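The next block is protein_18.pdb, given as PDB, N, CA and C atoms.
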```
ATOM      1  N   MET A   1      33.531   3.007 -11.222
ATOM      2  CA  MET A   1      32.134   2.994 -10.847
ATOM      3  C   MET A   1      31.301   3.700 -11.917
ATOM      4  N   TYR A   2      30.115   3.160 -12.135
ATOM      5  CA  TYR A   2      29.168   3.744 -13.079
ATOM      6  C   TYR A   2      28.094   4.514 -12.323
ATOM      7  N   ASN A   3      27.439   5.418 -13.010
ATOM      8  CA  ASN A   3      26.242   6.060 -12.487
ATOM      9  C   ASN A   3      25.045   5.255 -12.961
ATOM     10  N   VAL A   4      23.944   5.370 -12.241
ATOM     11  CA  VAL A   4      22.739   4.600 -12.551
ATOM     12  C   VAL A   4      21.545   5.550 -12.604
ATOM     13  N   LYS A   5      20.832   5.504 -13.709
ATOM     14  CA  LYS A   5      19.623   6.314 -13.872
ATOM     15  C   LYS A   5      18.435   5.545 -13.300
ATOM     16  N   ILE A   6      17.624   6.242 -12.521
ATOM     17  CA  ILE A   6      16.418   5.669 -11.924
ATOM     18  C   ILE A   6      15.226   6.444 -12.486
ATOM     19  N   THR A   7      14.272   5.735 -13.070
ATOM     20  CA  THR A   7      13.088   6.369 -13.639
ATOM     21  C   THR A   7      11.835   5.763 -13.015
ATOM     22  N   ALA A   8      10.956   6.621 -12.494
ATOM     23  CA  ALA A   8       9.659   6.171 -11.971
ATOM     24  C   ALA A   8       8.732   5.977 -13.167
ATOM     25  N   LEU A   9       8.334   4.730 -13.421
ATOM     26  CA  LEU A   9       7.555   4.425 -14.617
ATOM     27  C   LEU A   9       6.058   4.306 -14.388
ATOM     28  N   ARG A  10       5.657   3.735 -13.269
ATOM     29  CA  ARG A  10       4.220   3.479 -13.066
ATOM     30  C   ARG A  10       3.945   3.330 -11.572
ATOM     31  N   GLN A  11       2.797   3.856 -11.166
ATOM     32  CA  GLN A  11       2.352   3.642  -9.796
ATOM     33  C   GLN A  11       0.994   2.957  -9.826
ATOM     34  N   THR A  12       0.900   1.885  -9.104
ATOM     35  CA  THR A  12      -0.346   1.144  -8.983
ATOM     36  C   THR A  12      -0.925   1.452  -7.612
ATOM     37  N   THR A  13      -2.237   1.562  -7.537
ATOM     38  CA  THR A  13      -2.859   1.798  -6.235
ATOM     39  C   THR A  13      -3.913   0.729  -5.955
ATOM     40  N   TYR A  14      -4.053   0.413  -4.703
ATOM     41  CA  TYR A  14      -5.027  -0.571  -4.250
ATOM     42  C   TYR A  14      -5.911   0.072  -3.183
ATOM     43  N   PRO A  15      -6.898   0.882  -3.606
ATOM     44  CA  PRO A  15      -7.723   1.599  -2.629
ATOM     45  C   PRO A  15      -8.497   0.670  -1.696
ATOM     46  N   ASP A  16      -8.861  -0.507  -2.158
ATOM     47  CA  ASP A  16      -9.581  -1.442  -1.293
ATOM     48  C   ASP A  16      -8.689  -1.912  -0.146
ATOM     49  N   LEU A  17      -7.426  -2.172  -0.431
ATOM     50  CA  LEU A  17      -6.495  -2.572   0.626
ATOM     51  C   LEU A  17      -6.216  -1.410   1.575
ATOM     52  N   SER A  18      -6.064  -0.215   1.017
ATOM     53  CA  SER A  18      -5.847   0.966   1.859
ATOM     54  C   SER A  18      -7.011   1.170   2.807
ATOM     55  N   ALA A  19      -8.243   1.070   2.278
ATOM     56  CA  ALA A  19      -9.430   1.275   3.107
ATOM     57  C   ALA A  19      -9.532   0.227   4.212
ATOM     58  N   ALA A  20      -9.140  -0.988   3.914
ATOM     59  CA  ALA A  20      -9.281  -2.077   4.876
ATOM     60  C   ALA A  20      -8.161  -2.139   5.913
ATOM     61  N   TYR A  21      -6.948  -1.695   5.552
ATOM     62  CA  TYR A  21      -5.798  -1.971   6.416
ATOM     63  C   TYR A  21      -4.914  -0.784   6.774
ATOM     64  N   GLU A  22      -5.106   0.361   6.139
ATOM     65  CA  GLU A  22      -4.149   1.448   6.330
ATOM     66  C   GLU A  22      -4.791   2.627   7.046
ATOM     67  N   HIS A  23      -4.028   3.235   7.966
ATOM     68  CA  HIS A  23      -4.443   4.517   8.525
ATOM     69  C   HIS A  23      -4.310   5.558   7.410
ATOM     70  N   PRO A  24      -5.215   6.511   7.338
ATOM     71  CA  PRO A  24      -5.104   7.546   6.297
ATOM     72  C   PRO A  24      -3.746   8.251   6.361
ATOM     73  N   GLN A  25      -3.158   8.455   5.205
ATOM     74  CA  GLN A  25      -1.851   9.085   5.105
ATOM     75  C   GLN A  25      -1.996  10.475   4.492
ATOM     76  N   PRO A  26      -1.468  11.514   5.144
ATOM     77  CA  PRO A  26      -1.603  12.857   4.585
ATOM     78  C   PRO A  26      -0.865  13.012   3.253
ATOM     79  N   VAL A  27       0.305  12.416   3.135
ATOM     80  CA  VAL A  27       1.083  12.440   1.895
ATOM     81  C   VAL A  27       1.659  11.039   1.713
ATOM     82  N   PRO A  28       0.892  10.127   1.101
ATOM     83  CA  PRO A  28       1.330   8.731   1.043
ATOM     84  C   PRO A  28       2.565   8.488   0.183
ATOM     85  N   CYS A  29       2.739   9.248  -0.896
ATOM     86  CA  CYS A  29       3.916   9.065  -1.755
ATOM     87  C   CYS A  29       4.171  10.377  -2.481
ATOM     88  N   GLU A  30       5.379  10.871  -2.354
ATOM     89  CA  GLU A  30       5.710  12.149  -2.986
ATOM     90  C   GLU A  30       6.342  11.983  -4.361
ATOM     91  N   LEU A  31       6.596  10.755  -4.790
ATOM     92  CA  LEU A  31       7.185  10.522  -6.099
ATOM     93  C   LEU A  31       6.102  10.562  -7.158
ATOM     94  N   THR A  32       6.473  10.959  -8.363
ATOM     95  CA  THR A  32       5.514  10.985  -9.461
ATOM     96  C   THR A  32       6.075  10.236 -10.660
ATOM     97  N   VAL A  33       5.175   9.662 -11.417
ATOM     98  CA  VAL A  33       5.558   8.949 -12.633
ATOM     99  C   VAL A  33       6.281   9.926 -13.552
ATOM    100  N   GLY A  34       7.383   9.455 -14.116
ATOM    101  CA  GLY A  34       8.181  10.275 -15.023
ATOM    102  C   GLY A  34       9.389  10.921 -14.372
ATOM    103  N   GLN A  35       9.418  10.971 -13.054
ATOM    104  CA  GLN A  35      10.585  11.537 -12.379
ATOM    105  C   GLN A  35      11.809  10.682 -12.652
ATOM    106  N   THR A  36      12.966  11.327 -12.724
ATOM    107  CA  THR A  36      14.224  10.602 -12.879
ATOM    108  C   THR A  36      15.244  11.126 -11.872
ATOM    109  N   TRP A  37      16.160  10.255 -11.533
ATOM    110  CA  TRP A  37      17.254  10.568 -10.635
ATOM    111  C   TRP A  37      18.499   9.880 -11.170
ATOM    112  N   VAL A  38      19.655  10.336 -10.726
ATOM    113  CA  VAL A  38      20.905   9.653 -11.045
ATOM    114  C   VAL A  38      21.588   9.299  -9.734
ATOM    115  N   ALA A  39      21.863   8.011  -9.582
ATOM    116  CA  ALA A  39      22.621   7.524  -8.434
ATOM    117  C   ALA A  39      24.093   7.571  -8.834
ATOM    118  N   VAL A  40      24.818   8.554  -8.323
ATOM    119  CA  VAL A  40      26.227   8.735  -8.658
ATOM    120  C   VAL A  40      27.040   7.708  -7.883
ATOM    121  N   SER A  41      27.757   6.869  -8.608
ATOM    122  CA  SER A  41      28.586   5.812  -8.018
ATOM    123  C   SER A  41      27.804   4.943  -7.051
ATOM    124  N   GLY A  42      26.518   4.720  -7.336
ATOM    125  CA  GLY A  42      25.703   3.823  -6.528
ATOM    126  C   GLY A  42      25.133   4.429  -5.260
ATOM    127  N   GLN A  43      25.282   5.728  -5.068
ATOM    128  CA  GLN A  43      24.784   6.381  -3.863
ATOM    129  C   GLN A  43      23.342   6.843  -4.036
ATOM    130  N   ARG A  44      22.586   6.839  -2.947
ATOM    131  CA  ARG A  44      21.183   7.267  -2.989
ATOM    132  C   ARG A  44      21.099   8.727  -3.424
ATOM    133  N   PRO A  45      20.282   8.998  -4.436
ATOM    134  CA  PRO A  45      20.107  10.388  -4.872
ATOM    135  C   PRO A  45      19.433  11.215  -3.773
ATOM    136  N   GLU A  46      19.785  12.478  -3.713
ATOM    137  CA  GLU A  46      19.181  13.387  -2.749
ATOM    138  C   GLU A  46      17.668  13.457  -2.986
ATOM    139  N   HIS A  47      16.910  13.442  -1.910
ATOM    140  CA  HIS A  47      15.444  13.544  -1.930
ATOM    141  C   HIS A  47      14.765  12.310  -2.523
ATOM    142  N   PHE A  48      15.474  11.194  -2.644
ATOM    143  CA  PHE A  48      14.854   9.969  -3.131
ATOM    144  C   PHE A  48      14.237   9.246  -1.943
ATOM    145  N   CYS A  49      13.088   8.643  -2.138
ATOM    146  CA  CYS A  49      12.333   7.963  -1.085
ATOM    147  C   CYS A  49      13.187   6.911  -0.375
ATOM    148  N   ASP A  50      13.262   7.016   0.956
ATOM    149  CA  ASP A  50      14.057   6.058   1.743
ATOM    150  C   ASP A  50      13.537   4.634   1.598
ATOM    151  N   SER A  51      12.229   4.483   1.624
ATOM    152  CA  SER A  51      11.640   3.148   1.525
ATOM    153  C   SER A  51      11.916   2.514   0.165
ATOM    154  N   ALA A  52      11.733   3.280  -0.898
ATOM    155  CA  ALA A  52      12.019   2.757  -2.237
ATOM    156  C   ALA A  52      13.507   2.431  -2.374
ATOM    157  N   TRP A  53      14.357   3.250  -1.784
ATOM    158  CA  TRP A  53      15.795   3.018  -1.879
ATOM    159  C   TRP A  53      16.178   1.682  -1.254
ATOM    160  N   GLN A  54      15.513   1.278  -0.186
ATOM    161  CA  GLN A  54      15.822  -0.009   0.444
ATOM    162  C   GLN A  54      15.660  -1.161  -0.547
ATOM    163  N   THR A  55      14.669  -1.063  -1.414
ATOM    164  CA  THR A  55      14.435  -2.102  -2.416
ATOM    165  C   THR A  55      15.433  -1.997  -3.556
ATOM    166  N   LEU A  56      15.667  -0.793  -4.038
ATOM    167  CA  LEU A  56      16.497  -0.591  -5.221
ATOM    168  C   LEU A  56      17.995  -0.670  -4.935
ATOM    169  N   CYS A  57      18.394  -0.315  -3.729
ATOM    170  CA  CYS A  57      19.807  -0.162  -3.387
ATOM    171  C   CYS A  57      20.708  -1.326  -3.818
ATOM    172  N   PRO A  58      20.395  -2.582  -3.505
ATOM    173  CA  PRO A  58      21.318  -3.653  -3.900
ATOM    174  C   PRO A  58      21.517  -3.745  -5.413
ATOM    175  N   PHE A  59      20.465  -3.449  -6.164
ATOM    176  CA  PHE A  59      20.552  -3.522  -7.624
ATOM    177  C   PHE A  59      21.306  -2.316  -8.181
ATOM    178  N   VAL A  60      21.049  -1.140  -7.633
ATOM    179  CA  VAL A  60      21.761   0.062  -8.064
ATOM    180  C   VAL A  60      23.253  -0.093  -7.780
ATOM    181  N   GLU A  61      23.589  -0.561  -6.596
ATOM    182  CA  GLU A  61      24.995  -0.744  -6.245
ATOM    183  C   GLU A  61      25.662  -1.757  -7.166
ATOM    184  N   ALA A  62      24.962  -2.835  -7.491
ATOM    185  CA  ALA A  62      25.529  -3.845  -8.393
ATOM    186  C   ALA A  62      25.761  -3.267  -9.786
ATOM    187  N   LEU A  63      24.788  -2.526 -10.307
ATOM    188  CA  LEU A  63      24.968  -1.900 -11.625
ATOM    189  C   LEU A  63      26.106  -0.889 -11.592
ATOM    190  N   ALA A  64      26.233  -0.157 -10.502
ATOM    191  CA  ALA A  64      27.317   0.820 -10.376
ATOM    192  C   ALA A  64      28.690   0.142 -10.398
ATOM    193  N   ARG A  65      28.747  -1.091  -9.899
ATOM    194  CA  ARG A  65      30.014  -1.849  -9.925
ATOM    195  C   ARG A  65      30.261  -2.520 -11.274
ATOM    196  N   GLY A  66      29.308  -2.409 -12.205
ATOM    197  CA  GLY A  66      29.476  -3.024 -13.515
ATOM    198  C   GLY A  66      28.829  -4.384 -13.638
ATOM    199  N   GLU A  67      28.143  -4.817 -12.590
ATOM    200  CA  GLU A  67      27.463  -6.104 -12.631
ATOM    201  C   GLU A  67      26.134  -5.960 -13.363
ATOM    202  N   GLY A  68      25.473  -7.067 -13.607
ATOM    203  CA  GLY A  68      24.178  -7.055 -14.285
ATOM    204  C   GLY A  68      23.712  -8.479 -14.498
ATOM    205  N   GLY A  69      22.789  -8.640 -15.428
ATOM    206  CA  GLY A  69      22.284  -9.975 -15.725
ATOM    207  C   GLY A  69      21.537 -10.599 -14.574
ATOM    208  N   PHE A  70      20.723  -9.799 -13.898
ATOM    209  CA  PHE A  70      19.994 -10.283 -12.730
ATOM    210  C   PHE A  70      18.986 -11.358 -13.110
ATOM    211  N   TYR A  71      18.815 -12.316 -12.256
ATOM    212  CA  TYR A  71      17.789 -13.347 -12.384
ATOM    213  C   TYR A  71      17.793 -14.020 -13.756
ATOM    214  N   GLY A  72      18.933 -14.448 -14.170
ATOM    215  CA  GLY A  72      19.014 -15.208 -15.415
ATOM    216  C   GLY A  72      18.696 -14.414 -16.664
ATOM    217  N   GLN A  73      19.143 -13.177 -16.686
ATOM    218  CA  GLN A  73      18.987 -12.346 -17.893
ATOM    219  C   GLN A  73      17.532 -12.036 -18.215
ATOM    220  N   TRP A  74      16.698 -11.725 -17.213
ATOM    221  CA  TRP A  74      15.283 -11.471 -17.505
ATOM    222  C   TRP A  74      15.060 -10.165 -18.244
ATOM    223  N   MET A  75      16.015  -9.226 -18.197
ATOM    224  CA  MET A  75      15.872  -7.941 -18.886
ATOM    225  C   MET A  75      16.542  -8.006 -20.257
ATOM    226  N   LEU A  76      15.954  -7.328 -21.237
ATOM    227  CA  LEU A  76      16.584  -7.234 -22.565
ATOM    228  C   LEU A  76      17.941  -6.557 -22.465
ATOM    229  N   ASN A  77      18.027  -5.512 -21.657
ATOM    230  CA  ASN A  77      19.293  -4.830 -21.391
ATOM    231  C   ASN A  77      19.837  -5.419 -20.095
ATOM    232  N   SER A  78      20.918  -6.163 -20.172
ATOM    233  CA  SER A  78      21.442  -6.849 -18.987
ATOM    234  C   SER A  78      21.997  -5.889 -17.937
ATOM    235  N   HIS A  79      22.136  -4.616 -18.280
ATOM    236  CA  HIS A  79      22.618  -3.615 -17.321
ATOM    237  C   HIS A  79      21.463  -2.733 -16.860
ATOM    238  N   SER A  80      20.325  -3.373 -16.615
ATOM    239  CA  SER A  80      19.140  -2.675 -16.131
ATOM    240  C   SER A  80      18.312  -3.633 -15.281
ATOM    241  N   ALA A  81      17.309  -3.074 -14.609
ATOM    242  CA  ALA A  81      16.369  -3.893 -13.839
ATOM    243  C   ALA A  81      15.063  -3.128 -13.704
ATOM    244  N   MET A  82      13.972  -3.858 -13.626
ATOM    245  CA  MET A  82      12.641  -3.305 -13.392
ATOM    246  C   MET A  82      12.228  -3.754 -11.998
ATOM    247  N   LEU A  83      12.007  -2.800 -11.100
ATOM    248  CA  LEU A  83      11.735  -3.115  -9.701
ATOM    249  C   LEU A  83      10.610  -2.245  -9.176
ATOM    250  N   SER A  84       9.944  -2.705  -8.144
ATOM    251  CA  SER A  84       8.905  -1.918  -7.492
ATOM    252  C   SER A  84       9.263  -1.722  -6.031
ATOM    253  N   CYS A  85       8.847  -0.578  -5.489
ATOM    254  CA  CYS A  85       9.090  -0.332  -4.067
ATOM    255  C   CYS A  85       8.223  -1.269  -3.237
ATOM    256  N   ASN A  86       8.451  -1.261  -1.949
ATOM    257  CA  ASN A  86       7.776  -2.220  -1.078
ATOM    258  C   ASN A  86       6.490  -1.681  -0.463
ATOM    259  N   ASP A  87       5.918  -0.621  -1.015
ATOM    260  CA  ASP A  87       4.638  -0.095  -0.534
ATOM    261  C   ASP A  87       3.523  -0.994  -1.054
ATOM    262  N   GLY A  88       2.916  -1.761  -0.201
ATOM    263  CA  GLY A  88       1.882  -2.697  -0.616
ATOM    264  C   GLY A  88       0.575  -2.044  -1.014
ATOM    265  N   PHE A  89       0.394  -0.766  -0.681
ATOM    266  CA  PHE A  89      -0.844  -0.062  -1.000
ATOM    267  C   PHE A  89      -0.764   0.728  -2.307
ATOM    268  N   ARG A  90       0.431   1.234  -2.638
ATOM    269  CA  ARG A  90       0.603   2.044  -3.851
ATOM    270  C   ARG A  90       2.036   1.913  -4.380
ATOM    271  N   PRO A  91       2.433   0.721  -4.799
ATOM    272  CA  PRO A  91       3.815   0.530  -5.239
ATOM    273  C   PRO A  91       4.151   1.319  -6.505
ATOM    274  N   MET A  92       5.336   1.889  -6.491
ATOM    275  CA  MET A  92       5.887   2.582  -7.660
ATOM    276  C   MET A  92       6.849   1.619  -8.340
ATOM    277  N   THR A  93       6.754   1.530  -9.667
ATOM    278  CA  THR A  93       7.650   0.685 -10.448
ATOM    279  C   THR A  93       8.738   1.559 -11.054
ATOM    280  N   PHE A  94       9.972   1.105 -10.929
ATOM    281  CA  PHE A  94      11.132   1.852 -11.391
ATOM    282  C   PHE A  94      11.917   1.051 -12.419
ATOM    283  N   LEU A  95      12.487   1.754 -13.387
ATOM    284  CA  LEU A  95      13.497   1.202 -14.279
ATOM    285  C   LEU A  95      14.827   1.781 -13.830
ATOM    286  N   ILE A  96      15.772   0.913 -13.549
ATOM    287  CA  ILE A  96      17.127   1.385 -13.236
ATOM    288  C   ILE A  96      18.040   0.915 -14.365
ATOM    289  N   GLU A  97      18.922   1.832 -14.804
ATOM    290  CA  GLU A  97      19.792   1.541 -15.947
ATOM    291  C   GLU A  97      21.191   2.095 -15.698
ATOM    292  N   ARG A  98      22.182   1.288 -15.985
ATOM    293  CA  ARG A  98      23.548   1.775 -15.899
ATOM    294  C   ARG A  98      23.778   2.813 -16.981
ATOM    295  N   ILE A  99      24.439   3.900 -16.615
ATOM    296  CA  ILE A  99      24.791   4.942 -17.574
ATOM    297  C   ILE A  99      26.230   4.696 -18.000
ATOM    298  N   ASP A 100      26.420   4.438 -19.285
ATOM    299  CA  ASP A 100      27.786   4.189 -19.790
ATOM    300  C   ASP A 100      28.460   5.496 -20.195
TER
END
```

Final structure tokens representation of the file:
Amino acid sequence: MYNVKITALRQTTYPDLSAAYEHPQPVPCELTVGQTWVAVSGQRPEHFCDSAWQTLCPFVEALARGEGGFYGQWMLNSHSAMLSCNDGFRPMTFLIERID
């Protein structure tokens, strides 16, 4: 099994959608751009967002098993993926990379 590095690269916000459809959130997202984590043997890192993990988990687990080449080799590094969490109001974009 491989370890997988997870890096928070960018967060996009949609204040118009939040204003129209979301109840105010006291702490909408605790992750910050630039944070990194290591998924040891494909396991969720401690204190990593549960919602984001639901999106990333299948890809992290696949990279941990040595798989890659997702979606017809769309990434330059076939042992990586660029993914966003499922928060429709302020999605965080992550780079996940197998650590050799």

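Proximity ranking of A:Ser78, A:Ile96, A:Gln73, A:Cys29 relative to A:Thr13 places A:Cys29 first, based on only C-alpha atoms.
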
Taking the file as shown, what set of residues would the PyMOL selection byres (((chain A and resi 46-56 and name CA) around 10) and name CA) give back, as a short mmCIF file (atom, residue, chain, number, x, y, z; two decimals) with N, CA and C atoms, keeping the file's coordinate frame?
```cif
data_model
loop_
_atom_site.label_atom_id
_atom_site.label_comp_id
_atom_site.auth_asym_id
_atom_site.auth_seq_id
_atom_site.Cartn_x
_atom_site.Cartn_y
_atom_site.Cartn_z
N ILE A 6 17.62 6.24 -12.52
CA ILE A 6 16.42 5.67 -11.92
C ILE A 6 15.23 6.44 -12.49
N CYS A 29 2.74 9.25 -0.90
CA CYS A 29 3.92 9.06 -1.76
C CYS A 29 4.17 10.38 -2.48
N GLU A 30 5.38 10.87 -2.35
CA GLU A 30 5.71 12.15 -2.99
C GLU A 30 6.34 11.98 -4.36
N LEU A 31 6.60 10.76 -4.79
CA LEU A 31 7.18 10.52 -6.10
C LEU A 31 6.10 10.56 -7.16
N THR A 36 12.97 11.33 -12.72
CA THR A 36 14.22 10.60 -12.88
C THR A 36 15.24 11.13 -11.87
N TRP A 37 16.16 10.26 -11.53
CA TRP A 37 17.25 10.57 -10.64
C TRP A 37 18.50 9.88 -11.17
N VAL A 38 19.66 10.34 -10.73
CA VAL A 38 20.90 9.65 -11.04
C VAL A 38 21.59 9.30 -9.73
N ALA A 39 21.86 8.01 -9.58
CA ALA A 39 22.62 7.52 -8.43
C ALA A 39 24.09 7.57 -8.83
N GLN A 43 25.28 5.73 -5.07
CA GLN A 43 24.78 6.38 -3.86
C GLN A 43 23.34 6.84 -4.04
N ARG A 44 22.59 6.84 -2.95
CA ARG A 44 21.18 7.27 -2.99
C ARG A 44 21.10 8.73 -3.42
N PRO A 45 20.28 9.00 -4.44
CA PRO A 45 20.11 10.39 -4.87
C PRO A 45 19.43 11.22 -3.77
N CYS A 57 18.39 -0.32 -3.73
CA CYS A 57 19.81 -0.16 -3.39
C CYS A 57 20.71 -1.33 -3.82
N PRO A 58 20.40 -2.58 -3.50
CA PRO A 58 21.32 -3.65 -3.90
C PRO A 58 21.52 -3.74 -5.41
N PHE A 59 20.46 -3.45 -6.16
CA PHE A 59 20.55 -3.52 -7.62
C PHE A 59 21.31 -2.32 -8.18
N VAL A 60 21.05 -1.14 -7.63
CA VAL A 60 21.76 0.06 -8.06
C VAL A 60 23.25 -0.09 -7.78
N GLU A 61 23.59 -0.56 -6.60
CA GLU A 61 25.00 -0.74 -6.24
C GLU A 61 25.66 -1.76 -7.17
N ALA A 81 17.31 -3.07 -14.61
CA ALA A 81 16.37 -3.89 -13.84
C ALA A 81 15.06 -3.13 -13.70
N MET A 82 13.97 -3.86 -13.63
CA MET A 82 12.64 -3.30 -13.39
C MET A 82 12.23 -3.75 -12.00
N LEU A 83 12.01 -2.80 -11.10
CA LEU A 83 11.74 -3.12 -9.70
C LEU A 83 10.61 -2.24 -9.18
N SER A 84 9.94 -2.70 -8.14
CA SER A 84 8.90 -1.92 -7.49
C SER A 84 9.26 -1.72 -6.03
N CYS A 85 8.85 -0.58 -5.49
CA CYS A 85 9.09 -0.33 -4.07
C CYS A 85 8.22 -1.27 -3.24
N ASN A 86 8.45 -1.26 -1.95
CA ASN A 86 7.78 -2.22 -1.08
C ASN A 86 6.49 -1.68 -0.46
N ASP A 87 5.92 -0.62 -1.01
CA ASP A 87 4.64 -0.10 -0.53
C ASP A 87 3.52 -0.99 -1.05
N PRO A 91 2.43 0.72 -4.80
CA PRO A 91 3.82 0.53 -5.24
C PRO A 91 4.15 1.32 -6.50
N MET A 92 5.34 1.89 -6.49
CA MET A 92 5.89 2.58 -7.66
C MET A 92 6.85 1.62 -8.34
N THR A 93 6.75 1.53 -9.67
CA THR A 93 7.65 0.68 -10.45
C THR A 93 8.74 1.56 -11.05
N PHE A 94 9.97 1.10 -10.93
CA PHE A 94 11.13 1.85 -11.39
C PHE A 94 11.92 1.05 -12.42
N LEU A 95 12.49 1.75 -13.39
CA LEU A 95 13.50 1.20 -14.28
C LEU A 95 14.83 1.78 -13.83
N ILE A 96 15.77 0.91 -13.55
CA ILE A 96 17.13 1.38 -13.24
C ILE A 96 18.04 0.92 -14.36
#
```

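Nearest-residue note for A:Ala62: choosing from A:Val4, A:Leu76, A:Leu17, A:Val33, the minimum distance belongs to A:Val4, counting only C-alpha atoms.
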
Residues selected by the PyMOL selection byres ((chain A and resi 14) around 7), written as a CSV table (one decimal) with N, CA and C atoms, in the coordinates of the input:
```
chain,number,residue,atom,x,y,z
A,12,THR,N,0.9,1.9,-9.1
A,12,THR,CA,-0.3,1.1,-9.0
A,12,THR,C,-0.9,1.5,-7.6
A,13,THR,N,-2.2,1.6,-7.5
A,13,THR,CA,-2.9,1.8,-6.2
A,13,THR,C,-3.9,0.7,-6.0
A,15,PRO,N,-6.9,0.9,-3.6
A,15,PRO,CA,-7.7,1.6,-2.6
A,15,PRO,C,-8.5,0.7,-1.7
A,16,ASP,N,-8.9,-0.5,-2.2
A,16,ASP,CA,-9.6,-1.4,-1.3
A,16,ASP,C,-8.7,-1.9,-0.1
A,17,LEU,N,-7.4,-2.2,-0.4
A,17,LEU,CA,-6.5,-2.6,0.6
A,17,LEU,C,-6.2,-1.4,1.6
A,18,SER,N,-6.1,-0.2,1.0
A,18,SER,CA,-5.8,1.0,1.9
A,18,SER,C,-7.0,1.2,2.8
A,19,ALA,N,-8.2,1.1,2.3
A,19,ALA,CA,-9.4,1.3,3.1
A,19,ALA,C,-9.5,0.2,4.2
A,88,GLY,N,2.9,-1.8,-0.2
A,88,GLY,CA,1.9,-2.7,-0.6
A,88,GLY,C,0.6,-2.0,-1.0
A,89,PHE,N,0.4,-0.8,-0.7
A,89,PHE,CA,-0.8,-0.1,-1.0
A,89,PHE,C,-0.8,0.7,-2.3
A,90,ARG,N,0.4,1.2,-2.6
A,90,ARG,CA,0.6,2.0,-3.9
A,90,ARG,C,2.0,1.9,-4.4
A,91,PRO,N,2.4,0.7,-4.8
A,91,PRO,CA,3.8,0.5,-5.2
A,91,PRO,C,4.2,1.3,-6.5
```

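A straight-line distance of 10.1 Å separates atom N of A:Ser41 from atom N of A:Gly66.
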
Provide an axis-aligned box for all listed atoms of stretch 60-71 of chain A, padding each side by 3 Å; report its centre and its edge lengths in Å to one decimal, as lines of an AutoDock Vina configuration file.
```
center_x = 24.0
center_y = -6.6
center_z = -11.0
size_x = 18.5
size_y = 20.8
size_z = 15.5
```

Work out how far apart atom CA of A:Glu97 and atom CA of A:His79 are and give it in Å to one decimal.
6.0 Å

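Atom to atom, atom N of A:Gln35 and atom N of A:Gln11 stand 9.9 Å apart.
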
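Residues of stretch 27-75 of chain A carrying a DSSP assignment of strand (DSSP E or B), computed from the backbone, are Thr36, Trp37, Val38 and Ala39 of chain A.
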
Residues from the last selection, N, CA and C atoms, saved as an mmCIF file, keeping the file's coordinate frame:
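part_28.cif was written with the following content:
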```
data_model
loop_
_atom_site.group_PDB
_atom_site.id
_atom_site.type_symbol
_atom_site.label_atom_id
_atom_site.label_comp_id
_atom_site.auth_asym_id
_atom_site.auth_seq_id
_atom_site.Cartn_x
_atom_site.Cartn_y
_atom_site.Cartn_z
ATOM 1 N N THR A 36 12.966 11.327 -12.724
ATOM 2 C CA THR A 36 14.224 10.602 -12.879
ATOM 3 C C THR A 36 15.244 11.126 -11.872
ATOM 4 N N TRP A 37 16.160 10.255 -11.533
ATOM 5 C CA TRP A 37 17.254 10.568 -10.635
ATOM 6 C C TRP A 37 18.499 9.880 -11.170
ATOM 7 N N VAL A 38 19.655 10.336 -10.726
ATOM 8 C CA VAL A 38 20.905 9.653 -11.045
ATOM 9 C C VAL A 38 21.588 9.299 -9.734
ATOM 10 N N ALA A 39 21.863 8.011 -9.582
ATOM 11 C CA ALA A 39 22.621 7.524 -8.434
ATOM 12 C C ALA A 39 24.093 7.571 -8.834
#
```

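For stretch 9-91 of chain A, a DSSP pass over the backbone yields alpha helix (DSSP H) at A:Pro15, A:Asp16, A:Leu17, A:Ser18, A:Ala19, A:Ala20, A:Tyr21, A:Asp50, A:Ser51, A:Ala52, A:Trp53, A:Gln54, A:Thr55, A:Leu56, A:Cys57, A:Pro58, A:Phe59, A:Val60, A:Glu61, A:Ala62, A:Leu63, A:Ala64, A:Phe70, A:Tyr71, A:Gly72, A:Gln73.
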
Out of A:Met75, A:Leu63, A:Glu22, A:Phe70, which residue has the shortest atom-to-atom distance to A:Tyr2 when counting all atoms listed in the file?
A:Leu63
